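> One structure, pasted below without further comment.
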Amino acid sequence: MTPAEQADYLRHFRADSIVRDAELVREGLGIDRWSVLGQSFGGFCSLCYLSIAPEALREAMFTGGVPPISTPVDDVYARTYERTLEMSRRYYERYPADRERVLALRALVEREGMRLPSGDRLTPDRVRALGHPFGFSDGFETVHYLLEQPFDSRGFLHDMDIGMGFARNPIYAVLHESSYADGFATRWAAERLLPDAYAESPELFTGEHVFRSMFDDYGSLAPLGEAAGILAEHEWNALYDADVLRANEIPAAAAIYNDDIYVDRDFSEQTVAQVRGMRAWVTSEYLHNGLRADGDRILAHLIDLVRGR
């Protein structure tokens, strides 16, 4: 495939296409209505479902996944950086010695270069992206235990090679920003909105942010680099129908996490206010992986909310 053909193909993997695929499955199974539970991006798909085919739903539940509606992508990324920088601050409060450790690693990479088991180069940007797990309840410990290892050890190099998991899921990098594109182009928003704080304090971490440099740094992404550039300039269609959501009659409930660095709390609450009858549970007890960490409690509470108990 040419890059243009790759980009054209990849345009069909957003939330609206996923909903239409789900509808084919539902109809094929002969199911009248079903309930949906959307975790993270799954919640984006669920809100799209409420817009496109609400008649197919009995109820909709969201965990860490209520997306903004018609919100400029620059506003979204500015807010995610605010929360990610705050998590970097909290991380160094918990593990203050790691600040010098990260600076030493960056200096080593810049001075001597490092090769990972895959053959990829370890770059300063890949070091900075270590903050990606900070949205999870064990994220600080995951990063700290990684940084405790000798930088030339097999364990350290292997874990750094995994990075954000692009070797397994390259589509994540290519389409990540488009998931927030409710009717506009993204134009490498994470890169454009990168705060000056990162230049002033290079030990700070980024989170769920995808940069153009990653398509050079990760061998698994290199074949999709040109297609990603095409998609970054693509004017995406709107995903949500505000009129349909304002008239919503499908019971819906959402768990919104106060310190979620991936799906902003404030934008999620604004969306809940725009969806008729949607109930929200805003909590500081969990981070983005709340459903995995305490699924029984969270799901039980959402079922009670969505069924009016």
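Every chain in the structure tokens has a letter given in the order shown (A, B, ...), and although residue numbers restart at 1 in each chain, ligands are simply numbered from 1 in the order shown.
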Hey, what's within 12 Å of Arg99 (chain A) if we count only C-alpha atoms and toss same-chain stuff fewer than 3 positions away? As a short mmCIF file (atom, residue, chain, number, x, y, z; two decimals) with N, CA and C atoms, in the first residue's frame, please?


data_model
loop_
_atom_site.label_atom_id
_atom_site.label_comp_id
_atom_site.auth_asym_id
_atom_site.auth_seq_id
_atom_site.Cartn_x
_atom_site.Cartn_y
_atom_site.Cartn_z
N SER A 88 3.75 14.24 37.28
CA SER A 88 5.21 14.24 37.34
C SER A 88 5.68 14.81 38.67
N ARG A 89 5.05 15.90 39.09
CA ARG A 89 5.40 16.51 40.38
C ARG A 89 5.16 15.53 41.53
N ARG A 90 4.02 14.87 41.49
CA ARG A 90 3.70 13.90 42.56
C ARG A 90 4.67 12.73 42.54
N TYR A 91 5.07 12.31 41.35
CA TYR A 91 6.00 11.20 41.25
C TYR A 91 7.32 11.54 41.94
N TYR A 92 7.86 12.71 41.67
CA TYR A 92 9.14 13.08 42.26
C TYR A 92 9.01 13.41 43.75
N GLU A 93 7.81 13.72 44.19
CA GLU A 93 7.60 13.84 45.63
C GLU A 93 7.72 12.47 46.30
N ARG A 94 7.22 11.45 45.63
CA ARG A 94 7.29 10.10 46.19
C ARG A 94 8.68 9.51 46.03
N TYR A 95 9.31 9.75 44.90
CA TYR A 95 10.63 9.16 44.62
C TYR A 95 11.60 10.28 44.22
N PRO A 96 12.00 11.12 45.15
CA PRO A 96 12.84 12.28 44.81
C PRO A 96 14.18 11.93 44.19
N VAL A 102 16.75 10.06 36.22
CA VAL A 102 16.22 10.34 34.89
C VAL A 102 17.14 11.29 34.13
N LEU A 103 17.64 12.31 34.80
CA LEU A 103 18.56 13.24 34.15
C LEU A 103 19.83 12.52 33.70
N ALA A 104 20.32 11.59 34.52
CA ALA A 104 21.51 10.83 34.15
C ALA A 104 21.24 9.94 32.95
N LEU A 105 20.05 9.35 32.90
CA LEU A 105 19.70 8.50 31.76
C LEU A 105 19.62 9.33 30.48
N ARG A 106 18.99 10.48 30.56
CA ARG A 106 18.90 11.34 29.38
C ARG A 106 20.29 11.76 28.90
N ARG A 128 11.31 10.44 28.08
CA ARG A 128 10.26 11.35 28.55
C ARG A 128 8.90 10.67 28.58
N VAL A 143 7.22 2.66 36.95
CA VAL A 143 8.32 3.49 36.46
C VAL A 143 9.51 3.45 37.43
N HIS A 144 9.22 3.53 38.71
CA HIS A 144 10.30 3.53 39.71
C HIS A 144 11.10 2.23 39.66
N LEU A 147 13.38 2.24 36.68
CA LEU A 147 14.54 3.12 36.82
C LEU A 147 15.53 2.61 37.85
N GLU A 148 15.11 1.72 38.73
CA GLU A 148 16.04 1.13 39.70
C GLU A 148 17.05 0.20 39.05
N SER A 201 12.69 21.80 32.34
CA SER A 201 12.93 20.69 33.28
C SER A 201 12.81 19.38 32.49
N PRO A 202 13.88 18.96 31.84
CA PRO A 202 13.80 17.80 30.93
C PRO A 202 13.50 16.47 31.62
N GLU A 203 13.55 16.46 32.94
CA GLU A 203 13.22 15.21 33.65
C GLU A 203 11.71 14.99 33.77
N LEU A 204 10.90 15.97 33.37
CA LEU A 204 9.44 15.82 33.43
C LEU A 204 8.97 14.80 32.39
N PHE A 205 7.84 14.15 32.70
CA PHE A 205 7.33 13.08 31.85
C PHE A 205 6.12 13.54 31.04
#

> Show me, as an mmCIF file with C-alpha atoms, in the first residue's frame, the residues that have an atom within 9 Å of Arg33 (chain A) when counting only C-alpha atoms, minus same-chain residues fewer than 5 positions from it.


data_model
loop_
_atom_site.group_PDB
_atom_site.id
_atom_site.type_symbol
_atom_site.label_atom_id
_atom_site.label_comp_id
_atom_site.auth_asym_id
_atom_site.auth_seq_id
_atom_site.Cartn_x
_atom_site.Cartn_y
_atom_site.Cartn_z
ATOM 1 C CA ARG A 26 -26.125 -7.263 17.075
ATOM 2 C CA GLU A 55 -32.587 2.464 19.612
ATOM 3 C CA ALA A 56 -30.198 -0.505 19.815
ATOM 4 C CA LEU A 57 -29.240 0.159 23.447
ATOM 5 C CA ARG A 58 -30.867 -0.856 26.691
ATOM 6 C CA GLU A 59 -28.379 1.140 28.787
#

> Give me, as an NGL selection string, the residues of region 65-190 of chain A that a backbone DSSP run labels strand (DSSP E).

:A and (114-115 or 121-122)

> What's the 9 Å shell around region 269-275 of chain A, counting only C-alpha atoms, without same-chain residues fewer than 5 positions away, as an NGL selection string?

:A and (66-69 or 242 or 244-248 or 252-254 or 256 or 264 or 280 or 282)

> So what do you get for CA of Gly207 (chain A) versus CA of Gln6 (chain A), distance-wise?

26.5 Å

> Per DSSP on the backbone, what are the alpha helix (DSSP H) residues of region 6-176 of chain A, as a compact mmCIF listing (two decimals) with N, CA and C atoms, in the first residue's frame?


# COMPACT_ATOMS: atom_id res chain seq x y z
N GLN A 6 -2.80 3.63 2.78
CA GLN A 6 -2.81 3.27 4.21
C GLN A 6 -3.72 4.22 4.99
N ALA A 7 -3.55 5.52 4.73
CA ALA A 7 -4.33 6.52 5.45
C ALA A 7 -5.82 6.35 5.17
N ASP A 8 -6.16 6.09 3.91
CA ASP A 8 -7.57 5.91 3.54
C ASP A 8 -8.17 4.70 4.26
N TYR A 9 -7.39 3.63 4.36
CA TYR A 9 -7.85 2.43 5.07
C TYR A 9 -8.03 2.71 6.56
N LEU A 10 -7.06 3.40 7.16
CA LEU A 10 -7.07 3.63 8.60
C LEU A 10 -8.18 4.59 9.03
N ALA A 15 -14.43 5.58 16.15
CA ALA A 15 -15.57 5.14 16.97
C ALA A 15 -16.83 4.91 16.15
N ASP A 16 -17.09 5.77 15.15
CA ASP A 16 -18.32 5.61 14.39
C ASP A 16 -18.31 4.32 13.58
N SER A 17 -17.16 3.95 13.03
CA SER A 17 -17.07 2.68 12.30
C SER A 17 -17.21 1.49 13.24
N ILE A 18 -16.65 1.61 14.43
CA ILE A 18 -16.77 0.53 15.41
C ILE A 18 -18.23 0.32 15.80
N VAL A 19 -18.96 1.41 15.98
CA VAL A 19 -20.38 1.30 16.32
C VAL A 19 -21.14 0.61 15.19
N ARG A 20 -20.86 0.96 13.97
CA ARG A 20 -21.58 0.35 12.85
C ARG A 20 -21.23 -1.14 12.73
N ASP A 21 -19.99 -1.49 13.04
CA ASP A 21 -19.62 -2.91 13.07
C ASP A 21 -20.39 -3.63 14.18
N ALA A 22 -20.49 -3.00 15.34
CA ALA A 22 -21.23 -3.60 16.45
C ALA A 22 -22.69 -3.82 16.08
N GLU A 23 -23.24 -2.89 15.33
CA GLU A 23 -24.63 -3.03 14.90
C GLU A 23 -24.81 -4.24 13.97
N LEU A 24 -23.86 -4.49 13.12
CA LEU A 24 -23.93 -5.67 12.26
C LEU A 24 -23.91 -6.95 13.10
N VAL A 25 -23.07 -6.94 14.15
CA VAL A 25 -23.01 -8.11 15.04
C VAL A 25 -24.34 -8.28 15.78
N ARG A 26 -24.87 -7.19 16.33
CA ARG A 26 -26.13 -7.26 17.08
C ARG A 26 -27.25 -7.80 16.20
N GLU A 27 -27.35 -7.24 15.00
CA GLU A 27 -28.41 -7.68 14.09
C GLU A 27 -28.21 -9.14 13.68
N GLY A 28 -26.94 -9.52 13.46
CA GLY A 28 -26.67 -10.91 13.09
C GLY A 28 -27.02 -11.90 14.18
N LEU A 29 -26.91 -11.46 15.44
CA LEU A 29 -27.26 -12.32 16.58
C LEU A 29 -28.76 -12.30 16.88
N PHE A 41 -11.34 4.47 25.70
CA PHE A 41 -11.82 4.71 24.34
C PHE A 41 -13.15 3.99 24.09
N GLY A 42 -13.39 2.91 24.83
CA GLY A 42 -14.68 2.25 24.72
C GLY A 42 -15.82 3.18 25.08
N GLY A 43 -15.56 4.12 26.02
CA GLY A 43 -16.58 5.11 26.36
C GLY A 43 -16.83 6.08 25.22
N PHE A 44 -15.78 6.41 24.47
CA PHE A 44 -15.96 7.26 23.30
C PHE A 44 -16.89 6.56 22.29
N CYS A 45 -16.66 5.25 22.16
CA CYS A 45 -17.51 4.46 21.26
C CYS A 45 -18.95 4.41 21.78
N SER A 46 -19.11 4.30 23.08
CA SER A 46 -20.46 4.23 23.66
C SER A 46 -21.22 5.53 23.45
N LEU A 47 -20.54 6.68 23.59
CA LEU A 47 -21.22 7.95 23.36
C LEU A 47 -21.59 8.08 21.89
N CYS A 48 -20.71 7.61 21.03
CA CYS A 48 -21.02 7.60 19.61
C CYS A 48 -22.23 6.70 19.34
N TYR A 49 -22.32 5.58 20.05
CA TYR A 49 -23.45 4.66 19.92
C TYR A 49 -24.76 5.37 20.29
N LEU A 50 -24.71 6.16 21.38
CA LEU A 50 -25.90 6.90 21.80
C LEU A 50 -26.30 7.94 20.75
N SER A 51 -25.34 8.37 19.95
CA SER A 51 -25.63 9.35 18.90
C SER A 51 -26.16 8.71 17.62
N ILE A 52 -25.58 7.55 17.27
CA ILE A 52 -25.87 6.93 15.98
C ILE A 52 -27.04 5.95 16.04
N VAL A 73 -9.30 20.26 19.75
CA VAL A 73 -8.30 19.31 20.22
C VAL A 73 -7.18 20.02 20.99
N ASP A 74 -6.91 21.27 20.67
CA ASP A 74 -5.88 22.01 21.40
C ASP A 74 -6.28 22.19 22.86
N ASP A 75 -7.56 22.43 23.10
CA ASP A 75 -8.04 22.56 24.48
C ASP A 75 -7.87 21.24 25.23
N VAL A 76 -8.15 20.15 24.54
CA VAL A 76 -8.03 18.83 25.17
C VAL A 76 -6.58 18.57 25.58
N TYR A 77 -5.66 18.81 24.67
CA TYR A 77 -4.26 18.50 24.97
C TYR A 77 -3.65 19.45 25.98
N ALA A 78 -4.07 20.70 25.97
CA ALA A 78 -3.60 21.63 26.99
C ALA A 78 -3.98 21.12 28.38
N ARG A 79 -5.19 20.58 28.49
CA ARG A 79 -5.64 20.08 29.80
C ARG A 79 -4.93 18.78 30.18
N THR A 80 -4.70 17.90 29.22
CA THR A 80 -4.01 16.65 29.58
C THR A 80 -2.58 16.95 30.03
N TYR A 81 -1.95 17.97 29.45
CA TYR A 81 -0.60 18.32 29.89
C TYR A 81 -0.62 18.85 31.33
N GLU A 82 -1.63 19.64 31.66
CA GLU A 82 -1.73 20.13 33.03
C GLU A 82 -1.74 18.98 34.03
N ARG A 83 -2.55 17.98 33.74
CA ARG A 83 -2.68 16.86 34.67
C ARG A 83 -1.43 15.98 34.66
N THR A 84 -0.80 15.82 33.50
CA THR A 84 0.40 14.99 33.42
C THR A 84 1.56 15.66 34.15
N LEU A 85 1.69 16.97 34.03
CA LEU A 85 2.73 17.68 34.76
C LEU A 85 2.51 17.57 36.26
N GLU A 86 1.26 17.62 36.68
CA GLU A 86 0.97 17.44 38.10
C GLU A 86 1.35 16.05 38.57
N MET A 87 1.12 15.04 37.74
CA MET A 87 1.52 13.68 38.11
C MET A 87 3.04 13.54 38.15
N SER A 88 3.75 14.24 37.28
CA SER A 88 5.21 14.24 37.34
C SER A 88 5.68 14.81 38.67
N ARG A 89 5.05 15.90 39.09
CA ARG A 89 5.40 16.51 40.38
C ARG A 89 5.16 15.53 41.53
N ARG A 90 4.02 14.87 41.49
CA ARG A 90 3.70 13.90 42.56
C ARG A 90 4.67 12.73 42.54
N TYR A 91 5.07 12.31 41.35
CA TYR A 91 6.00 11.20 41.25
C TYR A 91 7.32 11.54 41.94
N TYR A 92 7.86 12.71 41.67
CA TYR A 92 9.14 13.08 42.26
C TYR A 92 9.01 13.41 43.75
N GLU A 93 7.81 13.72 44.19
CA GLU A 93 7.60 13.84 45.63
C GLU A 93 7.72 12.47 46.30
N ARG A 94 7.22 11.45 45.63
CA ARG A 94 7.29 10.10 46.19
C ARG A 94 8.68 9.51 46.03
N ASP A 98 14.77 9.78 42.03
CA ASP A 98 14.62 9.42 40.62
C ASP A 98 14.82 10.61 39.69
N ARG A 99 14.73 11.83 40.22
CA ARG A 99 14.94 13.00 39.36
C ARG A 99 16.36 12.98 38.77
N GLU A 100 17.35 12.75 39.61
CA GLU A 100 18.73 12.68 39.13
C GLU A 100 18.95 11.44 38.28
N ARG A 101 18.23 10.38 38.60
CA ARG A 101 18.34 9.15 37.82
C ARG A 101 17.87 9.37 36.38
N VAL A 102 16.75 10.06 36.22
CA VAL A 102 16.22 10.34 34.89
C VAL A 102 17.14 11.29 34.13
N LEU A 103 17.64 12.31 34.80
CA LEU A 103 18.56 13.24 34.15
C LEU A 103 19.83 12.52 33.70
N ALA A 104 20.32 11.59 34.52
CA ALA A 104 21.51 10.83 34.15
C ALA A 104 21.24 9.94 32.95
N LEU A 105 20.05 9.35 32.90
CA LEU A 105 19.70 8.50 31.76
C LEU A 105 19.62 9.33 30.48
N ARG A 106 18.99 10.48 30.56
CA ARG A 106 18.90 11.34 29.38
C ARG A 106 20.29 11.76 28.90
N ALA A 107 21.16 12.10 29.85
CA ALA A 107 22.52 12.50 29.47
C ALA A 107 23.27 11.35 28.82
N LEU A 108 23.10 10.15 29.35
CA LEU A 108 23.75 8.98 28.77
C LEU A 108 23.26 8.73 27.35
N VAL A 109 21.97 8.83 27.14
CA VAL A 109 21.39 8.61 25.82
C VAL A 109 21.89 9.65 24.83
N GLU A 110 21.93 10.90 25.26
CA GLU A 110 22.37 11.97 24.37
C GLU A 110 23.87 11.88 24.06
N ARG A 111 24.65 11.42 25.04
CA ARG A 111 26.10 11.40 24.89
C ARG A 111 26.59 10.18 24.11
N GLU A 112 26.04 9.03 24.45
CA GLU A 112 26.58 7.78 23.90
C GLU A 112 25.60 7.03 23.00
N PRO A 124 15.90 10.59 23.94
CA PRO A 124 15.35 11.39 25.04
C PRO A 124 13.82 11.43 25.04
N ASP A 125 13.21 11.47 23.86
CA ASP A 125 11.75 11.49 23.80
C ASP A 125 11.15 10.20 24.35
N ARG A 126 11.82 9.07 24.11
CA ARG A 126 11.32 7.81 24.66
C ARG A 126 11.49 7.76 26.17
N VAL A 127 12.55 8.37 26.67
CA VAL A 127 12.70 8.47 28.13
C VAL A 127 11.58 9.33 28.71
N ARG A 128 11.31 10.44 28.08
CA ARG A 128 10.26 11.35 28.55
C ARG A 128 8.90 10.67 28.58
N GLY A 139 1.14 2.93 38.47
CA GLY A 139 2.00 3.55 37.48
C GLY A 139 3.30 4.08 38.05
N PHE A 140 3.23 4.74 39.20
CA PHE A 140 4.46 5.27 39.80
C PHE A 140 5.44 4.15 40.11
N GLU A 141 4.93 3.06 40.65
CA GLU A 141 5.81 1.95 41.00
C GLU A 141 6.39 1.28 39.76
N THR A 142 5.60 1.17 38.72
CA THR A 142 6.09 0.59 37.47
C THR A 142 7.30 1.35 36.96
N VAL A 143 7.22 2.66 36.95
CA VAL A 143 8.32 3.49 36.46
C VAL A 143 9.51 3.45 37.43
N HIS A 144 9.22 3.53 38.71
CA HIS A 144 10.30 3.53 39.71
C HIS A 144 11.10 2.23 39.66
N TYR A 145 10.41 1.11 39.59
CA TYR A 145 11.12 -0.17 39.56
C TYR A 145 11.94 -0.32 38.27
N LEU A 146 11.45 0.25 37.18
CA LEU A 146 12.22 0.24 35.94
C LEU A 146 13.51 1.05 36.10
N LEU A 147 13.38 2.24 36.68
CA LEU A 147 14.54 3.12 36.82
C LEU A 147 15.53 2.61 37.85
N GLU A 148 15.11 1.72 38.73
CA GLU A 148 16.04 1.13 39.70
C GLU A 148 17.05 0.20 39.05
N ARG A 154 19.79 -6.25 30.95
CA ARG A 154 18.84 -6.81 29.99
C ARG A 154 17.40 -6.42 30.36
N GLY A 155 17.11 -6.46 31.66
CA GLY A 155 15.75 -6.13 32.10
C GLY A 155 15.38 -4.70 31.77
N PHE A 156 16.30 -3.76 32.05
CA PHE A 156 16.01 -2.36 31.76
C PHE A 156 15.81 -2.14 30.27
N LEU A 157 16.72 -2.66 29.45
CA LEU A 157 16.63 -2.45 28.01
C LEU A 157 15.37 -3.09 27.42
N HIS A 158 15.01 -4.27 27.93
CA HIS A 158 13.80 -4.94 27.45
C HIS A 158 12.56 -4.12 27.80
N ASP A 159 12.50 -3.64 29.05
CA ASP A 159 11.32 -2.89 29.47
C ASP A 159 11.22 -1.56 28.74
N MET A 160 12.36 -0.91 28.49
CA MET A 160 12.34 0.33 27.73
C MET A 160 11.91 0.08 26.29
N ASP A 161 12.26 -1.09 25.77
CA ASP A 161 11.90 -1.42 24.40
C ASP A 161 10.39 -1.54 24.23
N ILE A 162 9.73 -2.06 25.26
CA ILE A 162 8.27 -2.19 25.20
C ILE A 162 7.63 -0.81 25.07
N PRO A 170 0.42 -0.78 16.74
CA PRO A 170 0.81 0.46 16.04
C PRO A 170 -0.36 1.37 15.74
N ILE A 171 -1.55 0.81 15.60
CA ILE A 171 -2.71 1.64 15.27
C ILE A 171 -3.00 2.64 16.38
N TYR A 172 -2.59 2.30 17.61
CA TYR A 172 -2.78 3.22 18.73
C TYR A 172 -2.08 4.55 18.47
N ALA A 173 -0.84 4.48 17.99
CA ALA A 173 -0.08 5.70 17.72
C ALA A 173 -0.68 6.47 16.55
N VAL A 174 -1.09 5.76 15.52
CA VAL A 174 -1.55 6.41 14.29
C VAL A 174 -2.88 7.13 14.50
N LEU A 175 -3.77 6.54 15.28
CA LEU A 175 -5.13 7.07 15.39
C LEU A 175 -5.44 7.72 16.73

> One decimal, Å: what's the distance from CA of Met278 (chain A) over to CA of Ile261 (chain A), could you say?

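Computing the Euclidean distance for CA of Met278 (chain A) and CA of Ile261 (chain A) yields 22.4 Å.
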
> Find the residues near Glu191 (chain A): any atom within 12 Å, counting only C-alpha atoms, skip ones fewer than 4 places away on the same chain, and give them as a list in words.

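Those residues are Val73, Asp74, Tyr77, Ala78, Tyr81, Asp125, Glu177, Thr186, Arg187, Pro195, Asp196, Tyr198, Thr206, Glu208, His209, Val210, Phe211, Arg212, Ser213, Met214 and Ala232 of chain A.
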
> Could you work out how far CA of Thr63 (chain A) lies from CA of Ile298 (chain A), giving the answer in Å with one decimal?

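We find that CA of Ile298 (chain A) and CA of Thr63 (chain A) lie 8.4 Å from each other.
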
> Can you pull out every residue within 8 Å of Met164 (chain A), counting only C-alpha atoms, but drop anything in the same chain fewer than 2 positions away, and send it as a list in words?

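Non-adjacent residues within range: Ala129, His132, Ile162 and Phe166 of chain A.
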
> Hey, what's within 7 Å of Tyr257 (chain A) if we count only C-alpha atoms and toss same-chain stuff fewer than 6 positions away? As a PDB file with N, CA and C atoms, in the first residue's frame, please?


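Final output, selection-v3.pdb:
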ATOM      1  N   GLY A  64     -14.072   5.929  33.030  1.00  0.00           N
ATOM      2  CA  GLY A  64     -12.912   6.668  32.554  1.00  0.00           C
ATOM      3  C   GLY A  64     -12.948   6.926  31.070  1.00  0.00           C
ATOM      4  N   ARG A 265     -11.402  15.133  33.547  1.00  0.00           N
ATOM      5  CA  ARG A 265     -12.602  15.152  34.388  1.00  0.00           C
ATOM      6  C   ARG A 265     -13.549  16.288  34.009  1.00  0.00           C
ATOM      7  N   VAL A 282     -18.352  10.952  40.251  1.00  0.00           N
ATOM      8  CA  VAL A 282     -17.009  11.521  40.196  1.00  0.00           C
ATOM      9  C   VAL A 282     -16.280  11.115  41.474  1.00  0.00           C
ATOM     10  N   THR A 283     -15.121  10.479  41.304  1.00  0.00           N
ATOM     11  CA  THR A 283     -14.431   9.922  42.462  1.00  0.00           C
ATOM     12  C   THR A 283     -12.924  10.126  42.385  1.00  0.00           C
ATOM     13  N   SER A 284     -12.306  10.299  43.549  1.00  0.00           N
ATOM     14  CA  SER A 284     -10.848  10.366  43.664  1.00  0.00           C
ATOM     15  C   SER A 284     -10.266   9.048  44.153  1.00  0.00           C
ATOM     16  N   TYR A 286     -10.032   6.241  42.518  1.00  0.00           N
ATOM     17  CA  TYR A 286      -9.412   5.425  41.476  1.00  0.00           C
ATOM     18  C   TYR A 286      -8.750   6.312  40.429  1.00  0.00           C
ATOM     19  N   LEU A 287      -7.853   5.683  39.677  1.00  0.00           N
ATOM     20  CA  LEU A 287      -7.305   6.307  38.489  1.00  0.00           C
ATOM     21  C   LEU A 287      -7.933   5.643  37.259  1.00  0.00           C
ATOM     22  N   HIS A 288      -7.337   5.827  36.109  1.00  0.00           N
ATOM     23  CA  HIS A 288      -7.958   5.412  34.857  1.00  0.00           C
ATOM     24  C   HIS A 288      -8.256   3.911  34.811  1.00  0.00           C
TER      25      HIS A 288
END

> Between A:Pro54, A:Gly135, A:Gly163, A:Gly183, which residue has the minimum interatomic distance to Asn258 (chain A), considering only C-alpha atoms?

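Using only C-alpha atoms, the shortest distance to Asn258 (chain A) belongs to A:Gly135.
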